[in-house]
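J.: Contents of run_25.cif (mmCIF, C-alpha atoms):
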data_input
#
loop_
_atom_site.group_PDB
_atom_site.id
_atom_site.type_symbol
_atom_site.label_atom_id
_atom_site.label_comp_id
_atom_site.auth_asym_id
_atom_site.auth_seq_id
_atom_site.Cartn_x
_atom_site.Cartn_y
_atom_site.Cartn_z
ATOM 1 C CA MET H 1 14.465 16.788 -2.213
ATOM 2 C CA THR H 2 14.870 19.607 -4.727
ATOM 3 C CA LEU H 3 15.932 19.001 -8.316
ATOM 4 C CA LEU H 4 19.335 20.554 -7.559
ATOM 5 C CA GLN H 5 19.825 18.254 -4.572
ATOM 6 C CA THR H 6 18.801 15.261 -6.680
ATOM 7 C CA LEU H 7 21.244 16.152 -9.449
ATOM 8 C CA LEU H 8 24.044 16.735 -6.935
ATOM 9 C CA LEU H 9 23.351 13.359 -5.322
ATOM 10 C CA LEU H 10 23.353 11.678 -8.719
ATOM 11 C CA SER H 11 26.697 13.245 -9.553
ATOM 12 C CA VAL H 12 28.225 12.085 -6.262
ATOM 13 C CA LEU H 13 26.878 8.534 -6.460
ATOM 14 C CA GLY H 14 27.361 8.134 -10.188
ATOM 15 C CA ALA H 15 23.835 6.754 -10.569
ATOM 16 C CA ASP H 16 22.109 6.935 -13.931
ATOM 17 C CA PRO H 17 18.570 8.380 -13.866
ATOM 18 C CA LEU H 18 15.842 5.920 -14.834
ATOM 19 C CA GLY H 19 13.902 6.569 -18.012
ATOM 20 C CA PRO H 20 10.455 5.339 -19.062
ATOM 21 C CA GLY H 21 9.937 1.586 -18.855
ATOM 22 C CA ASN H 22 10.440 -1.238 -16.357
ATOM 23 C CA HIS H 23 13.506 -1.532 -14.156
ATOM 24 C CA THR H 24 14.869 -3.817 -11.430
ATOM 25 C CA CYS H 25 16.810 -2.115 -8.630
ATOM 26 C CA LYS H 26 18.862 -3.723 -5.874
ATOM 27 C CA LEU H 27 20.173 -2.608 -2.510
ATOM 28 C CA THR H 28 21.578 -4.160 0.654
ATOM 29 C CA VAL H 29 19.888 -3.619 4.021
ATOM 30 C CA ASP H 30 21.210 -5.234 7.210
ATOM 31 C CA GLU H 31 23.437 -7.511 5.099
ATOM 32 C CA ARG H 32 20.451 -8.779 3.097
ATOM 33 C CA GLN H 33 20.300 -8.384 -0.666
ATOM 34 C CA ARG H 34 16.954 -6.738 -1.440
ATOM 35 C CA SER H 35 15.267 -5.747 -4.677
ATOM 36 C CA TYR H 36 12.350 -3.750 -6.058
ATOM 37 C CA LEU H 37 10.738 -3.136 -9.423
ATOM 38 C CA VAL H 38 10.095 0.316 -10.849
ATOM 39 C CA HIS H 39 7.707 1.285 -13.622
ATOM 40 C CA VAL H 40 8.388 4.745 -15.069
ATOM 41 C CA PRO H 41 5.556 6.082 -17.261
ATOM 42 C CA LEU H 42 6.181 7.385 -20.768
ATOM 43 C CA ASN H 43 5.295 10.960 -19.765
ATOM 44 C CA TYR H 44 7.873 11.070 -16.938
ATOM 45 C CA ASP H 45 9.775 14.360 -16.864
ATOM 46 C CA GLN H 46 13.092 14.172 -15.039
ATOM 47 C CA ASP H 47 12.906 17.912 -14.325
ATOM 48 C CA ARG H 48 9.606 17.606 -12.453
ATOM 49 C CA PRO H 49 9.156 16.030 -8.990
ATOM 50 C CA THR H 50 6.886 13.017 -9.520
ATOM 51 C CA PRO H 51 4.546 11.132 -7.152
ATOM 52 C CA VAL H 52 5.447 7.580 -6.118
ATOM 53 C CA VAL H 53 3.096 4.726 -5.232
ATOM 54 C CA LEU H 54 4.628 1.812 -3.327
ATOM 55 C CA ILE H 55 2.741 -1.440 -4.059
ATOM 56 C CA PHE H 56 3.284 -4.327 -1.624
ATOM 57 C CA HIS H 57 2.657 -7.952 -2.587
ATOM 58 C CA GLY H 58 0.818 -10.475 -0.444
ATOM 59 C CA ALA H 59 2.433 -13.343 1.458
ATOM 60 C CA GLY H 60 3.666 -16.163 -0.748
ATOM 61 C CA THR H 61 3.935 -13.975 -3.847
ATOM 62 C CA ASN H 62 6.335 -11.319 -5.089
ATOM 63 C CA ALA H 63 6.649 -8.034 -6.952
ATOM 64 C CA ASP H 64 6.401 -9.583 -10.437
ATOM 65 C CA ILE H 65 3.100 -11.286 -9.631
ATOM 66 C CA THR H 66 1.738 -8.080 -8.100
ATOM 67 C CA VAL H 67 2.355 -6.127 -11.303
ATOM 68 C CA ARG H 68 -0.154 -8.419 -13.040
ATOM 69 C CA LEU H 69 -2.486 -8.771 -10.051
ATOM 70 C CA THR H 70 -3.102 -5.039 -9.591
ATOM 71 C CA GLY H 71 -2.855 -3.515 -13.064
ATOM 72 C CA LEU H 72 -1.219 -0.460 -11.499
ATOM 73 C CA ASN H 73 1.318 -0.044 -14.306
ATOM 74 C CA GLN H 74 -1.576 0.953 -16.548
ATOM 75 C CA LYS H 75 -2.780 3.455 -13.945
ATOM 76 C CA SER H 76 0.782 4.766 -13.687
ATOM 77 C CA GLU H 77 0.758 5.513 -17.416
ATOM 78 C CA GLU H 78 -2.622 7.230 -17.174
ATOM 79 C CA ALA H 79 -1.936 9.285 -14.043
ATOM 80 C CA GLY H 80 1.821 9.858 -14.357
ATOM 81 C CA PHE H 81 3.067 8.434 -11.044
ATOM 82 C CA ILE H 82 6.036 6.122 -10.528
ATOM 83 C CA ALA H 83 4.867 2.605 -9.607
ATOM 84 C CA VAL H 84 7.275 0.821 -7.256
ATOM 85 C CA TYR H 85 6.933 -2.856 -6.295
ATOM 86 C CA PRO H 86 9.183 -3.813 -3.352
ATOM 87 C CA ASN H 87 10.099 -7.452 -2.702
ATOM 88 C CA GLY H 88 9.802 -8.920 0.767
ATOM 89 C CA THR H 89 12.123 -11.580 2.156
ATOM 90 C CA GLY H 90 11.969 -15.266 1.291
ATOM 91 C CA THR H 91 12.842 -17.514 -1.624
ATOM 92 C CA GLY H 92 11.724 -17.186 -5.227
ATOM 93 C CA ILE H 93 8.094 -16.141 -5.435
ATOM 94 C CA PHE H 94 7.446 -17.074 -1.804
ATOM 95 C CA ARG H 95 8.093 -13.782 -0.043
ATOM 96 C CA THR H 96 6.525 -12.044 2.966
ATOM 97 C CA TRP H 97 6.536 -8.779 4.892
ATOM 98 C CA ASN H 98 7.272 -8.213 8.561
ATOM 99 C CA ALA H 99 4.047 -6.254 8.986
ATOM 100 C CA GLY H 100 3.566 -7.219 12.634
ATOM 101 C CA GLY H 101 1.387 -9.904 14.143
ATOM 102 C CA ARG H 102 4.062 -12.603 14.046
ATOM 103 C CA LYS H 103 4.750 -14.707 17.123
ATOM 104 C CA GLY H 104 7.700 -16.633 18.554
ATOM 105 C CA LYS H 105 10.834 -17.406 16.543
ATOM 106 C CA LEU H 106 9.234 -16.203 13.323
ATOM 107 C CA ALA H 107 9.064 -12.690 14.759
ATOM 108 C CA GLU H 108 12.640 -12.880 16.012
ATOM 109 C CA ARG H 109 14.013 -13.855 12.599
ATOM 110 C CA SER H 110 12.004 -11.307 10.624
ATOM 111 C CA ALA H 111 13.635 -8.514 8.660
ATOM 112 C CA ASP H 112 13.256 -4.850 9.562
ATOM 113 C CA ASP H 113 11.048 -4.016 6.599
ATOM 114 C CA VAL H 114 10.323 -0.463 7.751
ATOM 115 C CA LYS H 115 14.051 0.225 7.555
ATOM 116 C CA TYR H 116 14.137 -1.473 4.147
ATOM 117 C CA VAL H 117 11.385 0.804 2.801
ATOM 118 C CA ALA H 118 13.135 3.901 4.161
ATOM 119 C CA ASN H 119 16.362 2.814 2.469
ATOM 120 C CA LEU H 120 14.440 1.995 -0.727
ATOM 121 C CA LEU H 121 13.069 5.534 -0.831
ATOM 122 C CA ASP H 122 16.577 6.921 -0.363
ATOM 123 C CA ASP H 123 17.837 4.664 -3.143
ATOM 124 C CA LEU H 124 14.960 5.560 -5.466
ATOM 125 C CA ALA H 125 15.674 9.272 -5.000
ATOM 126 C CA THR H 126 19.111 8.773 -6.594
ATOM 127 C CA VAL H 127 17.557 7.687 -9.905
ATOM 128 C CA ILE H 128 14.104 9.344 -9.921
ATOM 129 C CA ASN H 129 13.032 12.923 -9.197
ATOM 130 C CA VAL H 130 10.649 12.018 -6.366
ATOM 131 C CA ASP H 131 7.996 14.384 -5.047
ATOM 132 C CA ASN H 132 8.504 13.731 -1.344
ATOM 133 C CA ARG H 133 5.080 15.212 -0.548
ATOM 134 C CA GLN H 134 3.442 12.499 -2.623
ATOM 135 C CA VAL H 135 4.778 9.101 -1.564
ATOM 136 C CA TYR H 136 1.909 6.659 -1.051
ATOM 137 C CA ALA H 137 1.523 2.989 -0.146
ATOM 138 C CA THR H 138 -0.922 0.301 -1.171
ATOM 139 C CA GLY H 139 -0.794 -3.479 -1.120
ATOM 140 C CA ILE H 140 -2.837 -6.619 -0.736
ATOM 141 C CA SER H 141 -3.163 -8.998 2.225
ATOM 142 C CA ASN H 142 0.197 -9.116 4.049
ATOM 143 C CA GLY H 143 1.144 -6.157 1.846
ATOM 144 C CA GLY H 144 -1.905 -4.232 3.076
ATOM 145 C CA MET H 145 -0.821 -4.980 6.636
ATOM 146 C CA MET H 146 2.597 -3.569 5.745
ATOM 147 C CA CYS H 147 0.904 -0.329 4.645
ATOM 148 C CA TYR H 148 -0.544 0.058 8.133
ATOM 149 C CA ARG H 149 2.867 -0.490 9.696
ATOM 150 C CA LEU H 150 4.432 2.146 7.450
ATOM 151 C CA ALA H 151 1.687 4.635 8.310
ATOM 152 C CA ALA H 152 2.465 4.056 11.990
ATOM 153 C CA GLU H 153 6.268 4.015 11.811
ATOM 154 C CA LEU H 154 7.213 5.963 8.673
ATOM 155 C CA SER H 155 4.568 8.693 8.665
ATOM 156 C CA ASP H 156 7.175 11.381 7.990
ATOM 157 C CA ARG H 157 7.601 9.902 4.504
ATOM 158 C CA ILE H 158 4.286 8.208 3.663
ATOM 159 C CA ALA H 159 1.504 10.666 2.790
ATOM 160 C CA ALA H 160 -1.465 8.238 2.726
ATOM 161 C CA ILE H 161 -2.186 4.515 2.456
ATOM 162 C CA ALA H 162 -4.735 2.298 0.704
ATOM 163 C CA PRO H 163 -4.620 -1.272 2.066
ATOM 164 C CA VAL H 164 -6.525 -3.943 0.123
ATOM 165 C CA ALA H 165 -7.688 -7.089 1.979
ATOM 166 C CA GLY H 166 -5.128 -6.510 4.736
ATOM 167 C CA ALA H 167 -5.912 -5.341 8.280
ATOM 168 C CA MET H 168 -3.625 -3.765 10.868
ATOM 169 C CA ALA H 169 -1.290 -6.355 12.441
ATOM 170 C CA ILE H 170 0.878 -4.269 14.773
ATOM 171 C CA ASP H 171 -0.299 -3.891 18.377
ATOM 172 C CA ASP H 172 -0.575 -0.115 18.386
ATOM 173 C CA ALA H 173 0.185 2.964 16.288
ATOM 174 C CA ASN H 174 1.722 6.290 17.336
ATOM 175 C CA PRO H 175 2.608 8.074 14.092
ATOM 176 C CA ASN H 176 4.452 11.397 14.089
ATOM 177 C CA ARG H 177 1.684 12.883 11.942
ATOM 178 C CA PRO H 178 -1.866 11.865 10.994
ATOM 179 C CA VAL H 179 -2.088 9.656 7.892
ATOM 180 C CA SER H 180 -5.197 9.272 5.739
ATOM 181 C CA VAL H 181 -6.417 5.725 5.093
ATOM 182 C CA MET H 182 -8.593 4.171 2.374
ATOM 183 C CA HIS H 183 -9.214 0.498 3.166
ATOM 184 C CA PHE H 184 -10.800 -1.968 0.693
ATOM 185 C CA HIS H 185 -12.103 -5.270 2.098
ATOM 186 C CA GLY H 186 -14.411 -8.056 0.986
ATOM 187 C CA LYS H 187 -16.993 -9.149 3.549
ATOM 188 C CA SER H 188 -16.505 -12.756 2.320
ATOM 189 C CA ASP H 189 -12.704 -12.695 2.537
ATOM 190 C CA GLY H 190 -11.679 -16.145 3.786
ATOM 191 C CA ILE H 191 -7.937 -15.413 4.055
ATOM 192 C CA VAL H 192 -7.940 -12.163 6.054
ATOM 193 C CA PRO H 193 -11.460 -12.334 7.508
ATOM 194 C CA PHE H 194 -13.321 -9.041 7.910
ATOM 195 C CA ASP H 195 -13.996 -9.805 11.585
ATOM 196 C CA GLY H 196 -10.429 -10.788 12.393
ATOM 197 C CA PRO H 197 -8.641 -14.125 12.876
ATOM 198 C CA ASN H 198 -10.744 -17.285 12.961
ATOM 199 C CA LYS H 199 -10.088 -21.022 13.301
ATOM 200 C CA SER H 200 -8.539 -21.078 9.818
ATOM 201 C CA THR H 201 -5.954 -18.401 10.661
ATOM 202 C CA PRO H 202 -2.449 -19.787 11.314
ATOM 203 C CA LYS H 203 -1.652 -19.884 15.036
ATOM 204 C CA PHE H 204 1.604 -17.953 14.567
ATOM 205 C CA LEU H 205 -0.231 -14.913 13.138
ATOM 206 C CA THR H 206 -2.615 -12.335 14.553
ATOM 207 C CA PHE H 207 -4.199 -9.141 13.231
ATOM 208 C CA LYS H 208 -7.010 -6.718 14.023
ATOM 209 C CA SER H 209 -10.495 -6.904 12.569
ATOM 210 C CA VAL H 210 -11.208 -4.452 9.772
ATOM 211 C CA GLU H 211 -13.503 -2.378 11.968
ATOM 212 C CA GLU H 212 -10.921 -2.209 14.770
ATOM 213 C CA SER H 213 -8.244 -1.146 12.263
ATOM 214 C CA ILE H 214 -10.504 1.628 10.996
ATOM 215 C CA GLU H 215 -11.434 2.760 14.501
ATOM 216 C CA ILE H 216 -7.770 2.991 15.563
ATOM 217 C CA TRP H 217 -6.965 5.282 12.633
ATOM 218 C CA ARG H 218 -10.180 7.259 13.005
ATOM 219 C CA LYS H 219 -9.042 8.163 16.518
ATOM 220 C CA ILE H 220 -5.451 8.854 15.434
ATOM 221 C CA ASP H 221 -6.666 11.204 12.699
ATOM 222 C CA GLU H 222 -9.283 12.772 15.018
ATOM 223 C CA CYS H 223 -12.095 12.086 12.558
ATOM 224 C CA PRO H 224 -15.798 12.240 13.500
ATOM 225 C CA GLU H 225 -17.315 9.126 15.077
ATOM 226 C CA GLU H 226 -20.148 8.837 12.557
ATOM 227 C CA PRO H 227 -19.338 8.188 8.904
ATOM 228 C CA THR H 228 -20.935 9.459 5.750
ATOM 229 C CA ILE H 229 -22.276 6.398 3.926
ATOM 230 C CA THR H 230 -22.328 6.051 0.142
ATOM 231 C CA ASP H 231 -23.680 3.137 -1.888
ATOM 232 C CA PHE H 232 -21.965 2.504 -5.219
ATOM 233 C CA PRO H 233 -24.238 1.560 -8.128
ATOM 234 C CA ASP H 234 -24.499 -2.195 -8.651
ATOM 235 C CA LYS H 235 -23.397 -2.021 -12.277
ATOM 236 C CA ASN H 236 -22.400 -5.640 -12.813
ATOM 237 C CA ASN H 237 -24.094 -8.926 -12.075
ATOM 238 C CA ASP H 238 -21.040 -10.291 -10.272
ATOM 239 C CA GLY H 239 -22.516 -11.173 -6.880
ATOM 240 C CA THR H 240 -21.083 -8.139 -5.090
ATOM 241 C CA THR H 241 -22.273 -4.758 -3.867
ATOM 242 C CA VAL H 242 -20.105 -1.937 -2.533
ATOM 243 C CA LEU H 243 -20.597 0.458 0.390
ATOM 244 C CA GLN H 244 -18.290 3.328 1.361
ATOM 245 C CA LYS H 245 -17.996 4.716 4.902
ATOM 246 C CA THR H 246 -16.142 8.025 5.084
ATOM 247 C CA TYR H 247 -14.885 9.398 8.400
ATOM 248 C CA GLY H 248 -13.694 12.965 8.122
ATOM 249 C CA PRO H 249 -12.448 15.510 7.790
ATOM 250 C CA GLY H 250 -10.087 15.033 10.688
ATOM 251 C CA LYS H 251 -6.841 16.631 11.801
ATOM 252 C CA ASP H 252 -5.015 18.304 8.909
ATOM 253 C CA ASP H 253 -7.967 17.419 6.640
ATOM 254 C CA THR H 254 -7.306 13.692 6.950
ATOM 255 C CA GLU H 255 -9.905 11.057 6.110
ATOM 256 C CA VAL H 256 -10.395 7.421 7.022
ATOM 257 C CA ILE H 257 -12.444 5.562 4.412
ATOM 258 C CA LEU H 258 -13.678 1.977 4.543
ATOM 259 C CA ILE H 259 -14.905 0.413 1.327
ATOM 260 C CA GLU H 260 -16.884 -2.721 2.194
ATOM 261 C CA ILE H 261 -17.510 -5.204 -0.598
ATOM 262 C CA GLU H 262 -20.480 -7.431 0.180
ATOM 263 C CA GLY H 263 -19.769 -10.827 -1.385
ATOM 264 C CA GLY H 264 -16.205 -9.809 -2.197
ATOM 265 C CA GLY H 265 -13.299 -12.130 -1.527
ATOM 266 C CA HIS H 266 -9.557 -11.782 -1.069
ATOM 267 C CA THR H 267 -9.190 -9.862 -4.310
ATOM 268 C CA TRP H 268 -8.207 -6.558 -5.929
ATOM 269 C CA PRO H 269 -11.418 -4.586 -6.711
ATOM 270 C CA GLY H 270 -11.880 -3.879 -10.399
ATOM 271 C CA HIS H 271 -9.262 -6.414 -11.452
ATOM 272 C CA LYS H 272 -10.015 -10.044 -12.141
ATOM 273 C CA SER H 273 -8.943 -12.744 -9.717
ATOM 274 C CA TYR H 274 -6.510 -15.274 -11.151
ATOM 275 C CA VAL H 275 -7.275 -17.885 -8.464
ATOM 276 C CA SER H 276 -10.879 -18.954 -7.865
ATOM 277 C CA LEU H 277 -10.149 -19.883 -4.242
ATOM 278 C CA THR H 278 -9.650 -16.207 -3.363
ATOM 279 C CA GLY H 279 -13.328 -15.459 -4.046
ATOM 280 C CA LYS H 280 -15.168 -12.864 -6.069
ATOM 281 C CA SER H 281 -13.635 -9.637 -7.325
ATOM 282 C CA THR H 282 -16.108 -6.778 -7.708
ATOM 283 C CA LYS H 283 -16.361 -4.944 -11.018
ATOM 284 C CA ASP H 284 -18.569 -2.210 -9.548
ATOM 285 C CA ILE H 285 -15.516 -0.126 -8.586
ATOM 286 C CA SER H 286 -11.876 0.232 -9.544
ATOM 287 C CA ALA H 287 -9.567 0.264 -6.534
ATOM 288 C CA ASN H 288 -6.878 1.834 -8.730
ATOM 289 C CA ASP H 289 -9.061 4.777 -9.733
ATOM 290 C CA LEU H 290 -10.473 5.362 -6.263
ATOM 291 C CA MET H 291 -7.148 5.180 -4.452
ATOM 292 C CA TRP H 292 -5.410 7.509 -6.899
ATOM 293 C CA ASP H 293 -8.140 10.136 -6.511
ATOM 294 C CA PHE H 294 -7.821 9.681 -2.735
ATOM 295 C CA PHE H 295 -4.030 9.968 -2.802
ATOM 296 C CA GLN H 296 -4.201 13.222 -4.749
ATOM 297 C CA LYS H 297 -6.333 14.761 -2.004
ATOM 298 C CA HIS H 298 -3.827 13.870 0.703
ATOM 299 C CA GLN H 299 -0.375 15.190 0.005
ATOM 300 C CA ARG H 300 2.079 15.440 2.872
ATOM 301 C CA GLU H 301 2.960 18.945 3.993
ATOM 302 C CA SER H 302 6.589 19.972 3.408
ATOM 303 C CA ARG H 303 8.617 20.159 6.590
#
Please go through the file and, once you have read it, give me the structure as structure tokens.
T.:
Amino acid sequence: MTLLQTLLLLSVLGADPLGPGNHTCKLTVDERQRSYLVHVPLNYDQDRPTPVVLIFHGAGTNADITVRLTGLNQKSEEAGFIAVYPNGTGTGIFRTWNAGGRKGKLAERSADDVKYVANLLDDLATVINVDNRQVYATGISNGGMMCYRLAAELSDRIAAIAPVAGAMAIDDANPNRPVSVMHFHGKSDGIVPFDGPNKSTPKFLTFKSVEESIEIWRKIDECPEEPTITDFPDKNNDGTTVLQKTYGPGKDDTEVILIEIEGGGHTWPGHKSYVSLTGKSTKDISANDLMWDFFQKHQRESR
């Protein structure tokens, strides 16, 4: 959307542009009241189209918790993107995403969260000058799974994704365009196991293993079969080491990158874990820094 189109839309809808700071926005989708948080950095220029990073919470949490969990507001200030934290459906802090993998009545009652995200982006564009070539998605656990679903079903609007501790949960993916992927996952993740569901996984839920998720997107993006492997320096005595596998370049210069964290748990790399049961969080890398550098390499072509 051009600046002129944005201003015209604002004048028609009577919406007030958002300035720097934190905001709560609301919209209705399929008769459900939905909400999302927006962090606008201090250097935001309303006259300049600005990148957007969508940040999806895990199951049983919400947008407010994810602000603290990820530290992405600080990265927003440093890099100049708009940080957006959508809320899933549920009650209070106990919210989830319909990211696929649900069975039985739970699947039947689930919200259309792809439609919600599309409507959110439309709503956001009435109050922010969004660079539509640079709309990205990240999230943890169930939120990471939601990133994969968006890449598959909303590829015309999502430029690249960076799931954290969340594998692909939908059965298959047929995106309209190739989407680059950077996936972070702890090898000791006990909540979304690296090798896929185990005896501890709830019976009503299924998802792919990390390696199967990566292989599906490697094929979609037509990346080489053999990765380039990079070891990150073990800078901290935190019980973790980090390995990066890079598949690419593929179609339209896409990449599929897997960042394996040996000893890492169900955590956000580079940011401390607030719950010991989720396992170790590596300090050898910063997911925020790596994903932003990755996002900047993979802007969506204008259509």
J.: Let me make sure I understand: among H:Ser35, H:Gln244, H:Asn119, H:Thr28, which one has the smallest atom-to-atom distance to Tyr85 in chain H if we use all atoms listed in the file?
T.: H:Ser35
J.: Work out how far CA of Asp172 in chain H is from CA of Gly101 in chain H, in Å to one decimal.
T.: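 So the two atoms, CA of Gly101 in chain H and CA of Asp172 in chain H, lie 10.8 Å apart.
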J.: Enter the distance from CA of Glu212 in chain H to CA of Thr278 in chain H, in Å, rounded to one decimal.
T.: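 A separation of 22.9 Å between them.
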J.: Could you spell out the hits of the PyMOL selection byres ((chain H and resi 239) around 12) on the shown file, as a PyMOL selection string?
T.: chain H and resi 186-188+234-238+240-242+261-265+279-284
J.: Interatomic distance between CA of Thr126 in chain H and CA of Pro17 in chain H?
T.: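 These two atoms are separated by 7.3 Å.
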J.: If the box runs along x, y and z of the file and leaves 5 Å on each side of range 234-243 of chain H, what are its centre and edge lengths in Å, one decimal, as JSON?
T.:
{"center_x": -22.3, "center_y": -5.4, "center_z": -6.2, "size_x": 14.4, "size_y": 21.6, "size_z": 23.2}
J.: Using all atoms listed in the file and a cutoff of 6 Å, can you tell me which residues are near (-7.6, -3.5, 7.2) in the file's coordinates, and write them out as an mmCIF file with C-alpha atoms, keeping the file's coordinate frame?
T.:
data_model
loop_
_atom_site.group_PDB
_atom_site.id
_atom_site.type_symbol
_atom_site.label_atom_id
_atom_site.label_comp_id
_atom_site.auth_asym_id
_atom_site.auth_seq_id
_atom_site.Cartn_x
_atom_site.Cartn_y
_atom_site.Cartn_z
ATOM 1 C CA GLY H 166 -5.128 -6.510 4.736
ATOM 2 C CA ALA H 167 -5.912 -5.341 8.280
ATOM 3 C CA MET H 168 -3.625 -3.765 10.868
ATOM 4 C CA HIS H 183 -9.214 0.498 3.166
ATOM 5 C CA VAL H 210 -11.208 -4.452 9.772
ATOM 6 C CA SER H 213 -8.244 -1.146 12.263
#
J.: Please return as an MDAnalysis selection string every residue within 8 Å of (2.2, -7.3, 12.0), taking into account only C-alpha atoms and the file's own coordinates.
T.: chainID H and resid 98:102 145:146 149 168:171 206:207
J.: Suppose we keep C-alpha atoms; can you now write the selection as a PDB file, in the coordinates of the input?
T.:
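Output below, filename result.pdb:
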ATOM      1  CA  ASN H  98       7.272  -8.213   8.561  1.00  0.00           C
ATOM      2  CA  ALA H  99       4.047  -6.254   8.986  1.00  0.00           C
ATOM      3  CA  GLY H 100       3.566  -7.219  12.634  1.00  0.00           C
ATOM      4  CA  GLY H 101       1.387  -9.904  14.143  1.00  0.00           C
ATOM      5  CA  ARG H 102       4.062 -12.603  14.046  1.00  0.00           C
ATOM      6  CA  MET H 145      -0.821  -4.980   6.636  1.00  0.00           C
ATOM      7  CA  MET H 146       2.597  -3.569   5.745  1.00  0.00           C
ATOM      8  CA  ARG H 149       2.867  -0.490   9.696  1.00  0.00           C
ATOM      9  CA  MET H 168      -3.625  -3.765  10.868  1.00  0.00           C
ATOM     10  CA  ALA H 169      -1.290  -6.355  12.441  1.00  0.00           C
ATOM     11  CA  ILE H 170       0.878  -4.269  14.773  1.00  0.00           C
ATOM     12  CA  ASP H 171      -0.299  -3.891  18.377  1.00  0.00           C
ATOM     13  CA  THR H 206      -2.615 -12.335  14.553  1.00  0.00           C
ATOM     14  CA  PHE H 207      -4.199  -9.141  13.231  1.00  0.00           C
TER      15      PHE H 207
END
J.: Mind telling me what the PyMOL selection byres ((chain H and resi 47-64) around 9) catches here, as a tab-separated table (two decimals) with C-alpha atoms, keeping the file's coordinate frame?
T.:
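As written to disk, selection.tsv reads:
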chain	number	residue	atom	x	y	z
H	1	MET	CA	14.46	16.79	-2.21
H	2	THR	CA	14.87	19.61	-4.73
H	3	LEU	CA	15.93	19.00	-8.32
H	36	TYR	CA	12.35	-3.75	-6.06
H	37	LEU	CA	10.74	-3.14	-9.42
H	44	TYR	CA	7.87	11.07	-16.94
H	45	ASP	CA	9.78	14.36	-16.86
H	46	GLN	CA	13.09	14.17	-15.04
H	65	ILE	CA	3.10	-11.29	-9.63
H	66	THR	CA	1.74	-8.08	-8.10
H	67	VAL	CA	2.36	-6.13	-11.30
H	68	ARG	CA	-0.15	-8.42	-13.04
H	69	LEU	CA	-2.49	-8.77	-10.05
H	70	THR	CA	-3.10	-5.04	-9.59
H	72	LEU	CA	-1.22	-0.46	-11.50
H	76	SER	CA	0.78	4.77	-13.69
H	80	GLY	CA	1.82	9.86	-14.36
H	81	PHE	CA	3.07	8.43	-11.04
H	82	ILE	CA	6.04	6.12	-10.53
H	83	ALA	CA	4.87	2.60	-9.61
H	84	VAL	CA	7.28	0.82	-7.26
H	85	TYR	CA	6.93	-2.86	-6.30
H	86	PRO	CA	9.18	-3.81	-3.35
H	87	ASN	CA	10.10	-7.45	-2.70
H	88	GLY	CA	9.80	-8.92	0.77
H	90	GLY	CA	11.97	-15.27	1.29
H	92	GLY	CA	11.72	-17.19	-5.23
H	93	ILE	CA	8.09	-16.14	-5.44
H	94	PHE	CA	7.45	-17.07	-1.80
H	95	ARG	CA	8.09	-13.78	-0.04
H	96	THR	CA	6.52	-12.04	2.97
H	97	TRP	CA	6.54	-8.78	4.89
H	128	ILE	CA	14.10	9.34	-9.92
H	129	ASN	CA	13.03	12.92	-9.20
H	130	VAL	CA	10.65	12.02	-6.37
H	131	ASP	CA	8.00	14.38	-5.05
H	132	ASN	CA	8.50	13.73	-1.34
H	133	ARG	CA	5.08	15.21	-0.55
H	134	GLN	CA	3.44	12.50	-2.62
H	135	VAL	CA	4.78	9.10	-1.56
H	136	TYR	CA	1.91	6.66	-1.05
H	137	ALA	CA	1.52	2.99	-0.15
H	138	THR	CA	-0.92	0.30	-1.17
H	139	GLY	CA	-0.79	-3.48	-1.12
H	140	ILE	CA	-2.84	-6.62	-0.74
H	141	SER	CA	-3.16	-9.00	2.22
H	142	ASN	CA	0.20	-9.12	4.05
H	143	GLY	CA	1.14	-6.16	1.85
H	144	GLY	CA	-1.90	-4.23	3.08
H	146	MET	CA	2.60	-3.57	5.74
H	147	CYS	CA	0.90	-0.33	4.64
H	166	GLY	CA	-5.13	-6.51	4.74
J.: Run the PyMOL selection byres ((chain H and resi 220) around 10) against the file shown and list the residues it catches, as a short mmCIF file (atom, residue, chain, number, x, y, z; two decimals) with C-alpha atoms, in the coordinates of the input.
T.:
data_model
loop_
_atom_site.label_atom_id
_atom_site.label_comp_id
_atom_site.auth_asym_id
_atom_site.auth_seq_id
_atom_site.Cartn_x
_atom_site.Cartn_y
_atom_site.Cartn_z
CA ALA H 152 2.46 4.06 11.99
CA ALA H 173 0.18 2.96 16.29
CA ASN H 174 1.72 6.29 17.34
CA PRO H 175 2.61 8.07 14.09
CA ARG H 177 1.68 12.88 11.94
CA PRO H 178 -1.87 11.86 10.99
CA VAL H 179 -2.09 9.66 7.89
CA SER H 180 -5.20 9.27 5.74
CA ILE H 214 -10.50 1.63 11.00
CA GLU H 215 -11.43 2.76 14.50
CA ILE H 216 -7.77 2.99 15.56
CA TRP H 217 -6.96 5.28 12.63
CA ARG H 218 -10.18 7.26 13.00
CA LYS H 219 -9.04 8.16 16.52
CA ASP H 221 -6.67 11.20 12.70
CA GLU H 222 -9.28 12.77 15.02
CA CYS H 223 -12.10 12.09 12.56
CA GLY H 250 -10.09 15.03 10.69
CA LYS H 251 -6.84 16.63 11.80
CA THR H 254 -7.31 13.69 6.95
CA VAL H 256 -10.40 7.42 7.02
#
J.: May I ask which of the residues H:Arg157, H:Lys208, H:Lys297, H:Lys245 is the closest one to Ile229 in chain H, counting only C-alpha atoms?
T.: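 Once distances to Ile229 in chain H are computed over only C-alpha atoms, the minimum belongs to H:Lys245.
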J.: Using all atoms listed in the file, which of the listed residues (H:His185, H:Pro233, H:Gly248, H:Gln299) sits closest to Ile285 in chain H?
T.: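 Selected residue with least distance to Ile285 in chain H: H:Pro233.
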J.: Of the candidates H:Leu42, H:Val192, H:Val164, H:Ala159, which shows the shortest atom-to-atom distance to Glu77 in chain H, using only C-alpha atoms?
T.: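 Of all the options, H:Leu42 lies closest to Glu77 in chain H.
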